Every structure is written in structure tokens, then in C-alpha cells.
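Peer 1: Structure: target_10.cif, mmCIF, C-alpha atoms and all ligand atoms.
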data_target
loop_
_atom_site.label_atom_id
_atom_site.label_comp_id
_atom_site.auth_asym_id
_atom_site.auth_seq_id
_atom_site.Cartn_x
_atom_site.Cartn_y
_atom_site.Cartn_z
CA MET A 1 -70.89 20.80 -9.18
CA LYS A 2 -68.94 20.57 -12.41
CA ILE A 3 -66.76 17.60 -13.35
CA VAL A 4 -63.51 18.45 -15.11
CA GLY A 5 -61.76 15.50 -16.75
CA LEU A 6 -57.97 15.58 -16.73
CA THR A 7 -56.05 13.27 -19.02
CA GLY A 8 -52.81 12.79 -20.91
CA GLY A 9 -50.68 10.01 -22.29
CA ILE A 10 -48.37 7.96 -20.12
CA GLY A 11 -45.75 10.17 -18.46
CA SER A 12 -47.27 13.45 -19.71
CA GLY A 13 -47.58 14.81 -16.15
CA LYS A 14 -51.29 14.32 -15.30
CA THR A 15 -50.64 13.62 -11.65
CA THR A 16 -48.24 16.57 -11.40
CA VAL A 17 -50.93 18.83 -12.89
CA ALA A 18 -53.59 17.31 -10.62
CA GLY A 19 -51.33 18.24 -7.69
CA PHE A 20 -51.45 21.92 -8.74
CA PHE A 21 -55.28 21.84 -8.75
CA LYS A 22 -55.20 20.23 -5.31
CA GLU A 23 -52.95 23.02 -4.02
CA MET A 24 -55.70 25.46 -5.08
CA GLY A 25 -58.22 23.55 -2.96
CA ILE A 26 -59.89 21.59 -5.76
CA PRO A 27 -60.86 18.00 -4.90
CA VAL A 28 -59.07 15.51 -7.14
CA TYR A 29 -60.13 11.94 -7.91
CA ILE A 30 -57.42 9.79 -9.48
CA ALA A 31 -58.95 6.91 -11.45
CA ASP A 32 -55.63 5.00 -11.70
CA GLU A 33 -55.32 4.98 -7.91
CA ALA A 34 -58.95 4.01 -7.43
CA GLY A 35 -58.50 1.15 -9.91
CA LYS A 36 -55.48 -0.05 -7.93
CA ARG A 37 -57.32 0.19 -4.61
CA LEU A 38 -60.34 -1.71 -5.95
CA MET A 39 -58.14 -4.44 -7.42
CA SER A 40 -56.66 -4.94 -3.96
CA THR A 41 -59.84 -4.69 -1.89
CA SER A 42 -62.76 -5.99 -3.97
CA GLU A 43 -63.23 -9.73 -3.81
CA GLU A 44 -65.51 -9.61 -6.87
CA ILE A 45 -62.80 -7.95 -8.96
CA ARG A 46 -60.15 -10.35 -7.69
CA GLU A 47 -62.25 -13.35 -8.69
CA LYS A 48 -62.94 -11.93 -12.14
CA ILE A 49 -59.26 -11.13 -12.77
CA ILE A 50 -58.16 -14.59 -11.65
CA GLY A 51 -60.87 -15.99 -13.95
CA LEU A 52 -59.28 -14.06 -16.82
CA PHE A 53 -55.54 -14.50 -16.18
CA GLY A 54 -55.32 -17.49 -13.83
CA GLU A 55 -54.02 -17.85 -10.26
CA LYS A 56 -50.72 -16.13 -11.11
CA ALA A 57 -52.55 -12.79 -11.30
CA TYR A 58 -52.66 -12.53 -7.48
CA LYS A 59 -50.24 -13.32 -4.70
CA ASP A 60 -51.26 -13.04 -1.03
CA ASN A 61 -54.51 -11.40 -2.19
CA GLN A 62 -52.62 -8.59 -3.93
CA PRO A 63 -52.57 -8.14 -7.73
CA GLU A 64 -49.36 -9.03 -9.55
CA ARG A 65 -49.33 -5.83 -11.59
CA LYS A 66 -46.21 -6.66 -13.62
CA PHE A 67 -47.65 -10.04 -14.61
CA ILE A 68 -51.02 -8.54 -15.57
CA ALA A 69 -49.31 -5.72 -17.52
CA SER A 70 -47.29 -8.32 -19.47
CA LYS A 71 -50.57 -10.00 -20.51
CA VAL A 72 -52.54 -6.93 -21.61
CA PHE A 73 -50.40 -4.25 -23.21
CA ASN A 74 -49.58 -6.48 -26.19
CA ASP A 75 -53.06 -8.00 -26.45
CA GLN A 76 -55.91 -5.58 -27.13
CA GLU A 77 -58.61 -8.17 -26.47
CA MET A 78 -57.27 -8.99 -23.00
CA LEU A 79 -56.84 -5.28 -22.21
CA ALA A 80 -60.46 -4.63 -23.22
CA LYS A 81 -61.59 -7.49 -20.92
CA LEU A 82 -59.56 -6.10 -18.01
CA ASN A 83 -60.95 -2.61 -18.65
CA GLN A 84 -64.48 -4.07 -18.62
CA ILE A 85 -63.86 -5.42 -15.12
CA ILE A 86 -62.26 -2.31 -13.65
CA HIS A 87 -63.87 0.69 -15.34
CA PRO A 88 -67.50 0.13 -14.18
CA ALA A 89 -66.27 -0.36 -10.59
CA VAL A 90 -64.22 2.85 -10.78
CA ALA A 91 -67.24 4.72 -12.22
CA ARG A 92 -69.39 3.62 -9.25
CA ASP A 93 -66.66 4.54 -6.78
CA PHE A 94 -66.31 8.00 -8.39
CA GLU A 95 -70.10 8.60 -8.16
CA GLN A 96 -69.98 7.90 -4.42
CA TRP A 97 -66.96 10.16 -3.91
CA HIS A 98 -68.41 12.95 -6.06
CA ARG A 99 -71.63 13.10 -4.00
CA LYS A 100 -69.58 13.85 -0.89
CA GLN A 101 -67.68 16.84 -2.35
CA SER A 102 -68.63 20.48 -2.05
CA SER A 103 -66.73 22.82 -4.35
CA GLU A 104 -67.32 24.64 -7.62
CA TYR A 105 -65.86 21.73 -9.52
CA VAL A 106 -63.87 18.52 -9.08
CA ILE A 107 -61.04 17.07 -11.13
CA TYR A 108 -61.42 13.52 -12.49
CA GLU A 109 -57.96 12.32 -13.55
CA ALA A 110 -57.89 9.34 -15.89
CA ALA A 111 -55.24 8.01 -18.25
CA ILE A 112 -57.72 7.07 -20.97
CA LEU A 113 -60.58 9.59 -20.67
CA PHE A 114 -61.16 10.08 -24.41
CA GLU A 115 -60.54 6.46 -25.41
CA THR A 116 -63.28 5.21 -23.05
CA GLY A 117 -65.80 7.97 -23.82
CA GLY A 118 -65.57 9.03 -20.16
CA TYR A 119 -65.10 12.64 -21.27
CA LYS A 120 -68.79 12.77 -22.25
CA LYS A 121 -69.74 12.76 -18.58
CA CYS A 122 -67.46 15.76 -17.93
CA ASP A 123 -68.37 19.43 -18.22
CA PHE A 124 -64.85 20.24 -19.42
CA SER A 125 -61.79 18.24 -20.36
CA ILE A 126 -58.11 19.07 -19.99
CA LEU A 127 -55.36 17.37 -21.96
CA VAL A 128 -51.79 17.38 -20.61
CA LYS A 129 -49.19 17.18 -23.35
CA ALA A 130 -45.42 16.86 -23.46
CA PRO A 131 -43.04 15.78 -26.24
CA GLN A 132 -42.76 12.01 -26.49
CA LYS A 133 -39.01 11.93 -25.86
CA LEU A 134 -39.41 13.94 -22.66
CA ARG A 135 -42.19 11.59 -21.47
CA ILE A 136 -40.03 8.53 -22.09
CA ASP A 137 -37.07 10.10 -20.27
CA ARG A 138 -39.25 11.01 -17.26
CA LEU A 139 -40.68 7.49 -17.02
CA LYS A 140 -37.31 5.79 -17.37
CA LYS A 141 -36.19 7.89 -14.42
CA ARG A 142 -39.37 7.50 -12.34
CA ASP A 143 -40.13 3.80 -12.87
CA ASN A 144 -36.95 2.37 -14.30
CA SER A 145 -39.14 1.12 -17.16
CA SER A 146 -37.77 0.26 -20.58
CA LYS A 147 -38.54 2.20 -23.75
CA GLU A 148 -40.33 -0.92 -25.10
CA GLU A 149 -42.64 -1.18 -22.08
CA ILE A 150 -43.54 2.50 -22.35
CA GLN A 151 -44.05 2.25 -26.11
CA GLN A 152 -46.45 -0.69 -25.69
CA ARG A 153 -48.66 1.38 -23.39
CA MET A 154 -48.48 4.35 -25.75
CA ASN A 155 -49.69 2.04 -28.53
CA ASN A 156 -52.86 1.43 -26.51
CA GLN A 157 -53.58 5.14 -26.13
CA TRP A 158 -54.76 7.70 -28.65
CA SER A 159 -52.25 10.16 -30.10
CA ASP A 160 -52.12 13.71 -28.67
CA GLU A 161 -53.28 14.94 -32.07
CA LYS A 162 -56.50 12.91 -31.88
CA LYS A 163 -57.13 13.84 -28.23
CA SER A 164 -56.45 17.56 -28.86
CA LYS A 165 -59.51 17.74 -31.12
CA LEU A 166 -61.80 16.83 -28.21
CA ALA A 167 -60.08 18.71 -25.37
CA ASP A 168 -61.48 22.00 -24.03
CA PHE A 169 -58.10 22.99 -22.57
CA ILE A 170 -54.56 21.87 -23.37
CA ILE A 171 -51.62 22.14 -21.00
CA ASN A 172 -48.10 21.95 -22.40
CA ASN A 173 -46.14 20.44 -19.55
CA GLU A 174 -42.49 21.21 -20.18
CA ASP A 175 -41.39 23.93 -17.78
CA LEU A 176 -43.06 23.35 -14.39
CA GLU A 177 -43.52 27.05 -13.58
CA HIS A 178 -45.25 27.59 -16.92
CA THR A 179 -47.42 24.52 -16.27
CA LYS A 180 -48.55 26.03 -12.96
CA GLN A 181 -49.48 29.28 -14.70
CA GLN A 182 -51.55 27.36 -17.26
CA VAL A 183 -53.35 25.53 -14.43
CA GLU A 184 -54.19 28.81 -12.70
CA HIS A 185 -55.53 30.26 -15.96
CA ILE A 186 -57.76 27.23 -16.58
CA HIS A 187 -58.96 27.30 -12.96
CA PHE A 188 -60.24 30.86 -13.39
CA GLU A 189 -61.77 30.08 -16.78
CA ILE A 190 -63.75 27.21 -15.23
CA LEU A 191 -64.93 29.40 -12.34
CA LYS A 192 -65.93 32.09 -14.82
CA ALA A 193 -67.88 29.60 -16.95
CA GLY A 194 -69.65 28.42 -13.78
CA LYS A 195 -70.82 31.95 -13.03
CA ASN A 196 -72.07 32.47 -16.57
CA SER A 197 -74.04 29.21 -16.81
C1 LIG B 201 -52.33 -3.44 -16.15
C2 LIG B 201 -52.09 -2.81 -14.78
C3 LIG B 201 -52.31 -3.85 -13.68
C4 LIG B 201 -50.60 -2.35 -14.74
O1 LIG B 201 -50.33 -1.71 -13.52
P1 LIG B 201 -49.11 -0.65 -13.37
O2 LIG B 201 -48.94 -0.42 -11.90
O3 LIG B 201 -47.95 -1.13 -14.15
O4 LIG B 201 -49.62 0.69 -14.11
P2 LIG B 201 -50.60 1.86 -13.61
O5 LIG B 201 -51.96 1.31 -13.29
O6 LIG B 201 -49.92 2.68 -12.57
O7 LIG B 201 -50.75 2.72 -14.95
C5 LIG B 201 -49.65 3.50 -15.46
C6 LIG B 201 -49.99 4.00 -16.81
O8 LIG B 201 -50.20 2.92 -17.73
C7 LIG B 201 -51.16 3.31 -18.70
N1 LIG B 201 -52.39 2.46 -18.62
C8 LIG B 201 -52.93 1.84 -17.54
N2 LIG B 201 -54.08 1.21 -17.85
C9 LIG B 201 -54.27 1.44 -19.18
C10 LIG B 201 -55.27 1.05 -20.10
N3 LIG B 201 -56.32 0.31 -19.70
N4 LIG B 201 -55.15 1.47 -21.38
C11 LIG B 201 -54.10 2.22 -21.81
N5 LIG B 201 -53.11 2.62 -20.98
C12 LIG B 201 -53.19 2.23 -19.69
C13 LIG B 201 -51.55 4.76 -18.32
O9 LIG B 201 -50.78 5.69 -19.02
C14 LIG B 201 -51.26 4.83 -16.86
O10 LIG B 201 -51.10 6.13 -16.40
C15 LIG B 201 -53.01 -1.56 -14.55
O11 LIG B 201 -52.59 -0.49 -15.32
C16 LIG B 201 -54.49 -1.84 -14.87
O12 LIG B 201 -55.15 -2.56 -14.15
N6 LIG B 201 -54.98 -1.27 -16.00
C17 LIG B 201 -56.32 -1.51 -16.49
C18 LIG B 201 -57.34 -0.69 -15.77
C19 LIG B 201 -57.23 0.76 -16.09
O13 LIG B 201 -57.61 1.21 -17.16
N7 LIG B 201 -56.72 1.54 -15.13
C20 LIG B 201 -56.56 2.93 -15.30
C21 LIG B 201 -57.80 3.75 -15.13
S1 LIG B 201 -59.03 3.14 -14.08
N1 LIG B 202 -42.73 19.73 -16.10
C1 LIG B 202 -41.98 18.74 -15.58
N2 LIG B 202 -40.66 18.88 -15.47
C2 LIG B 202 -39.89 17.89 -14.95
N3 LIG B 202 -40.37 16.70 -14.50
C3 LIG B 202 -41.70 16.51 -14.60
C4 LIG B 202 -42.59 17.50 -15.12
N4 LIG B 202 -43.85 17.02 -15.07
C5 LIG B 202 -43.77 15.79 -14.54
N5 LIG B 202 -42.49 15.48 -14.25
C6 LIG B 202 -42.01 14.19 -13.68
O1 LIG B 202 -42.24 13.20 -14.68
C7 LIG B 202 -42.75 11.99 -14.12
C8 LIG B 202 -44.14 11.69 -14.71
O2 LIG B 202 -45.07 12.68 -14.25
P1 LIG B 202 -46.50 12.24 -13.66
O3 LIG B 202 -46.35 11.10 -12.72
O4 LIG B 202 -47.18 13.48 -13.19
O5 LIG B 202 -47.14 11.77 -15.05
P2 LIG B 202 -48.47 10.93 -15.31
O6 LIG B 202 -48.99 11.40 -16.63
O7 LIG B 202 -49.38 11.03 -14.16
O8 LIG B 202 -47.84 9.47 -15.42
P3 LIG B 202 -48.57 8.03 -15.67
O9 LIG B 202 -49.11 8.08 -17.04
O10 LIG B 202 -47.53 7.03 -15.51
O11 LIG B 202 -49.64 7.91 -14.63
C9 LIG B 202 -42.78 12.20 -12.61
O12 LIG B 202 -41.62 11.66 -12.05
C10 LIG B 202 -42.82 13.73 -12.46
O13 LIG B 202 -42.25 14.16 -11.25
#
What would you get if you wrote out this structure as C-alpha cells?
Peer 2:
Amino acid sequence: MKIVGLTGGIGSGKTTVAGFFKEMGIPVYIADEAGKRLMSTSEEIREKIIGLFGEKAYKDNQPERKFIASKVFNDQEMLAKLNQIIHPAVARDFEQWHRKQSSEYVIYEAAILFETGGYKKCDFSILVKAPQKLRIDRLKKRDNSSKEEIQQRMNNQWSDEKKSKLADFIINNEDLEHTKQQVEHIHFEILKAGKNS
């Protein structure tokens, strides 16, 4: 079964695109969600995160995401340490999930697929792109986040230009109907490649 990595900068529309694949019956694994679930449920991760950021990082056994975000997105070293705690656990969780699926391919959605080298484990990679201004406007609306908060996260991600060089497929996510058409096209290309391999 093929693994298709799906990525894109903050607010590009990864989850929206993943939803279109799901509608076509393709199993989707969302690394961001898995990371969140593991932070809440794994005692080992909780202990490590408290070791890194102190007791304030958790309240009633649940991660204080805003507090943790304020400590990492302006400090590359701390972000790397947090990634080192969460990414291996997510990789193990994905392996377990992947073994249980039965379909031509699965989608692995991750915010930083190229930055982590995770794309090397994928048979294909898809990059979701949208103009930066549109992304910021969407996030302001969705999360009520400030331009500064969004910009800090963008600073910790590769540019679309750099990611485009490594992507097998690129989706321009501006008009939703057009995005859906691009997803359908890629879906058939992946199925075709599966038959030819
Ligand atoms: C710092 C945390 C607690 C902030 O939580 P919050 O709910 O505000 O954000 P959420 O997880 O929903 O992520 C939203 C977006 O932020 C950006 N982002 C998140 N983690 C990272 C990262 N490690 N590097 C760069 N950008 C990131 C992505 O664009 C992502 O889509 C959380 O993002 C986290 O634990 N990040 C580190 C682990 C990680 O890489 N998770 C994502 C894939 S497993
Ligand atoms: N083509 C589009 N037209 C209008 N709104 C869109 C479009 N694509 C996504 N959106 C909206 O923009 C917001 C961000 O999209 P989405 O959550 O899919 O992005 P994401 O890349 O997964 O975000 P994050 O990086 O925060 O995880 C959402 O509120 C979504 O409904």
C-alpha cells in the first residue's frame, strides 16, 4: 500500500484537501491530530514535556498549548527539542495505523513533511499552496490568531518555493471547486502509477 504525504504551510488548506481525499474513500492520517492526542494521553510524553518547559506546560493532565507555543515558535532550539519528543511517537503511531488499512494508498498529512525528511518514507508527496495573504486572512478568521503569531510559525517552515522542488504534485488552493478537481486528478494519477509499478 502506497503512502502519499500531504503537506503545506500553515493555513494553506491541508486539512481541507485531506477531506476531499477522505470523501473519495482514501484513509487519511493527520499527524497534527495524532500529536495532540499523544500529548494528552501518553504519560511518557507528558513527563518529557514538563521536564522541558516546567509544570506550567500542563494543567489537569492536559497540555497548555498556548503556553507551549509561546515558548517554541520564537526559539528554534526549544522547538527542535519538542519535535524530538513528539515526532518519533507520531511515527510509531502511524506505523500501527498504517498496518490496519486496506486501500490502494493512504494519505499522511503533516505540516512539516519536507522539513523533517518525512517525505522520504512516502511514495509520493503533495504540496498544498495558497498566497500568503490569503492564508493569513483564513487563519485570522478560523483561529482569531494575530498576524505576528502566524508569521512566527511561518518562519519555522520552509518557503513554498523550496518545498515545490521536492513535491511530486502541487495543489493551488484558492477556489475550492478547482481544488477538488486537482485532488481528483492526483487521485487517478496515483492509482495509475500503482497499476504500472
Ligand atoms: C506547539 C503546539 C503545542 C501548539 O499547538 P497549537 O494547537 O497552537 O497548534 P497545532 O498543533 O494545531 O498546529 C497548527 C499549525 O502550527 C504549525 N506547527 C505546528 N508544529 C510545528 C512545528 N513543529 N514546526 C513548524 N510549524 C509547526 C503548523 O502549520 C500547524 O499546522 C503544537 O503545535 C506542537 O506540539 N507542535 C510540535 C509538534 C509537531 O510538530 N506537531 C505537528 C506534527 S506531529
Ligand atoms: N479554497 C478555500 N477557500 C476558502 N476557504 C478555505 C479554502 N481552503 C481552506 N479554507 C479555510 O481556511 C482555513 C484553513 O484551512 P485548513 O484548516 O484546511 O488549513 P491547514 O493547512 O490544515 O491549517 P493548519 O496549518 O493550521 O493546520 C479553514 O478555516 C478552511 O475552512
Peer 1: Considering all atoms listed in the file, can you say which of A:His87, A:Lys56, A:Lys147, A:Arg99 comes closest to Lys133 in chain A?
Peer 2: A:Lys147
Peer 1: Can you list, as a PyMOL selection string, every protein, DNA or RNA residue that comes within 12 Å of Pro88 in chain A when you count only C-alpha atoms, leaving out same-chain residues fewer than 4 positions away?
Peer 2: chain A and resi 31+34-35+38+45+81-84+92-95+116+118
Peer 1: Taking all atoms listed in the file and a cut-off of 7 Å, can you tell me which residues surround ligand LIG 202 (chain B), written as a list of chain:residue names?
Peer 2: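 Listed by chain and ascending number, the contacts are A:Gly8, A:Gly9, A:Ile10, A:Gly11, A:Ser12, A:Gly13, A:Lys14, A:Thr15, A:Thr16, A:Val17, A:Ala111, A:Arg135, A:Arg138, A:Leu139, A:Arg142, A:Asn173, A:Glu174, A:Asp175, A:Leu176, A:Thr179.
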Peer 1: What is the CA of Ala167 in chain A-CA of Leu127 in chain A distance in Å, reported with one decimal?
Peer 2: 6.0 Å
Peer 1: Have a look at CA of Phe73 in chain A and CA of Glu115 in chain A and let me know their distance in Å, one decimal.
Peer 2: 14.9 Å
Peer 1: Determine the nearest neighbour of ligand LIG 201 (chain B) from the options A:Gln157, A:Ser164, A:Ser103, A:Ser125, counting all atoms listed in the file.
Peer 2: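 For ligand LIG 201 (chain B), the nearest of the candidates is A:Gln157.
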Peer 1: Residues near Glu149 in chain A, anyone? I mean within 10 Å using only C-alpha atoms, not counting same-chain ones fewer than 5 positions away, as a ChimeraX atom specification.
Peer 2: /A:69-70,73-74,140,154
Peer 1: Using all atoms listed in the file, pick whichever of A:Ala18, A:Ile186, A:Met1, A:Ile30 has the shortest atom-to-atom distance to Ile112 in chain A.
Peer 2: A:Ile30
Peer 1: Let me make sure I understand: among A:Glu148, A:Glu44, A:Asp168, A:Glu23, which one has the smallest atom-to-atom distance to Leu6 in chain A if we use only C-alpha atoms?
Peer 2: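 Among the listed residues, A:Asp168 lies closest to Leu6 in chain A.
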Peer 1: Give the answer as one residue: which of A:Asn172, A:His187, A:Asp60, A:Gln181 has the shortest atom-to-atom distance to Leu134 in chain A, using all atoms listed in the file?
Peer 2: A:Asn172
Peer 1: State, in Å with one decimal place, the distance from CA of Met78 in chain A to CA of Thr7 in chain A.
Peer 2: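 Separation of CA of Met78 in chain A and CA of Thr7 in chain A: 22.6 Å.
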Peer 1: Just checking: using all atoms listed in the file, which residue out of A:Lys71, A:His178, A:Ile150, A:Glu109 ends up closest to Phe21 in chain A?
Peer 2: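 Of A:Lys71, A:His178, A:Ile150, A:Glu109, the one nearest Phe21 in chain A, counting all atoms listed in the file, is A:Glu109.
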Peer 1: Quick one: residues within 7 Å of Cys122 in chain A, all atoms listed in the file, excluding same-chain residues fewer than 6 positions away - as a ChimeraX atom specification?
Peer 2: /A:3-5
Peer 1: Kindly reconstruct range 142-168 of chain A with N, CA and C atoms and present the result as a short mmCIF file (atom, residue, chain, number, x, y, z; two decimals), keeping the file's coordinate frame.
Peer 2:
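As a result, out.cif now contains:
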data_model
loop_
_atom_site.label_atom_id
_atom_site.label_comp_id
_atom_site.auth_asym_id
_atom_site.auth_seq_id
_atom_site.Cartn_x
_atom_site.Cartn_y
_atom_site.Cartn_z
N ARG A 142 -38.43 7.72 -13.44
CA ARG A 142 -39.37 7.50 -12.34
C ARG A 142 -39.55 6.01 -12.02
N ASP A 143 -39.74 5.21 -13.08
CA ASP A 143 -40.13 3.80 -12.87
C ASP A 143 -39.04 2.81 -13.24
N ASN A 144 -37.96 3.29 -13.81
CA ASN A 144 -36.95 2.37 -14.30
C ASN A 144 -37.49 1.50 -15.43
N SER A 145 -38.55 1.97 -16.11
CA SER A 145 -39.14 1.12 -17.16
C SER A 145 -38.37 1.27 -18.46
N SER A 146 -38.51 0.24 -19.31
CA SER A 146 -37.77 0.26 -20.58
C SER A 146 -38.57 1.03 -21.62
N LYS A 147 -37.88 1.47 -22.66
CA LYS A 147 -38.54 2.20 -23.75
C LYS A 147 -39.64 1.32 -24.37
N GLU A 148 -39.36 0.00 -24.47
CA GLU A 148 -40.33 -0.92 -25.10
C GLU A 148 -41.62 -0.99 -24.27
N GLU A 149 -41.45 -1.10 -22.95
CA GLU A 149 -42.64 -1.18 -22.08
C GLU A 149 -43.50 0.09 -22.21
N ILE A 150 -42.83 1.22 -22.25
CA ILE A 150 -43.54 2.50 -22.35
C ILE A 150 -44.24 2.59 -23.71
N GLN A 151 -43.50 2.18 -24.76
CA GLN A 151 -44.05 2.25 -26.11
C GLN A 151 -45.30 1.38 -26.26
N GLN A 152 -45.29 0.20 -25.61
CA GLN A 152 -46.45 -0.69 -25.69
C GLN A 152 -47.69 -0.02 -25.11
N ARG A 153 -47.51 0.70 -24.00
CA ARG A 153 -48.66 1.38 -23.39
C ARG A 153 -49.11 2.53 -24.28
N MET A 154 -48.13 3.24 -24.84
CA MET A 154 -48.48 4.35 -25.75
C MET A 154 -49.31 3.83 -26.92
N ASN A 155 -48.97 2.62 -27.39
CA ASN A 155 -49.69 2.04 -28.53
C ASN A 155 -51.17 1.76 -28.21
N ASN A 156 -51.48 1.67 -26.92
CA ASN A 156 -52.86 1.43 -26.51
C ASN A 156 -53.58 2.72 -26.12
N GLN A 157 -52.97 3.85 -26.44
CA GLN A 157 -53.58 5.14 -26.13
C GLN A 157 -53.68 5.95 -27.42
N TRP A 158 -54.63 6.85 -27.46
CA TRP A 158 -54.76 7.70 -28.65
C TRP A 158 -53.57 8.67 -28.72
N SER A 159 -53.32 9.16 -29.93
CA SER A 159 -52.25 10.16 -30.10
C SER A 159 -52.73 11.50 -29.52
N ASP A 160 -51.77 12.37 -29.18
CA ASP A 160 -52.12 13.71 -28.67
C ASP A 160 -52.93 14.47 -29.72
N GLU A 161 -52.60 14.24 -30.98
CA GLU A 161 -53.28 14.94 -32.07
C GLU A 161 -54.78 14.63 -32.05
N LYS A 162 -55.10 13.35 -31.89
CA LYS A 162 -56.50 12.91 -31.88
C LYS A 162 -57.21 13.44 -30.64
N LYS A 163 -56.51 13.39 -29.49
CA LYS A 163 -57.13 13.84 -28.23
C LYS A 163 -57.32 15.36 -28.23
N SER A 164 -56.38 16.09 -28.85
CA SER A 164 -56.45 17.56 -28.86
C SER A 164 -57.75 18.06 -29.46
N LYS A 165 -58.28 17.30 -30.43
CA LYS A 165 -59.51 17.74 -31.12
C LYS A 165 -60.70 17.76 -30.18
N LEU A 166 -60.65 16.93 -29.13
CA LEU A 166 -61.80 16.83 -28.21
C LEU A 166 -61.61 17.63 -26.92
N ALA A 167 -60.37 18.06 -26.67
CA ALA A 167 -60.08 18.71 -25.37
C ALA A 167 -60.54 20.17 -25.34
N ASP A 168 -61.10 20.58 -24.19
CA ASP A 168 -61.48 22.00 -24.03
C ASP A 168 -60.25 22.84 -23.70
#
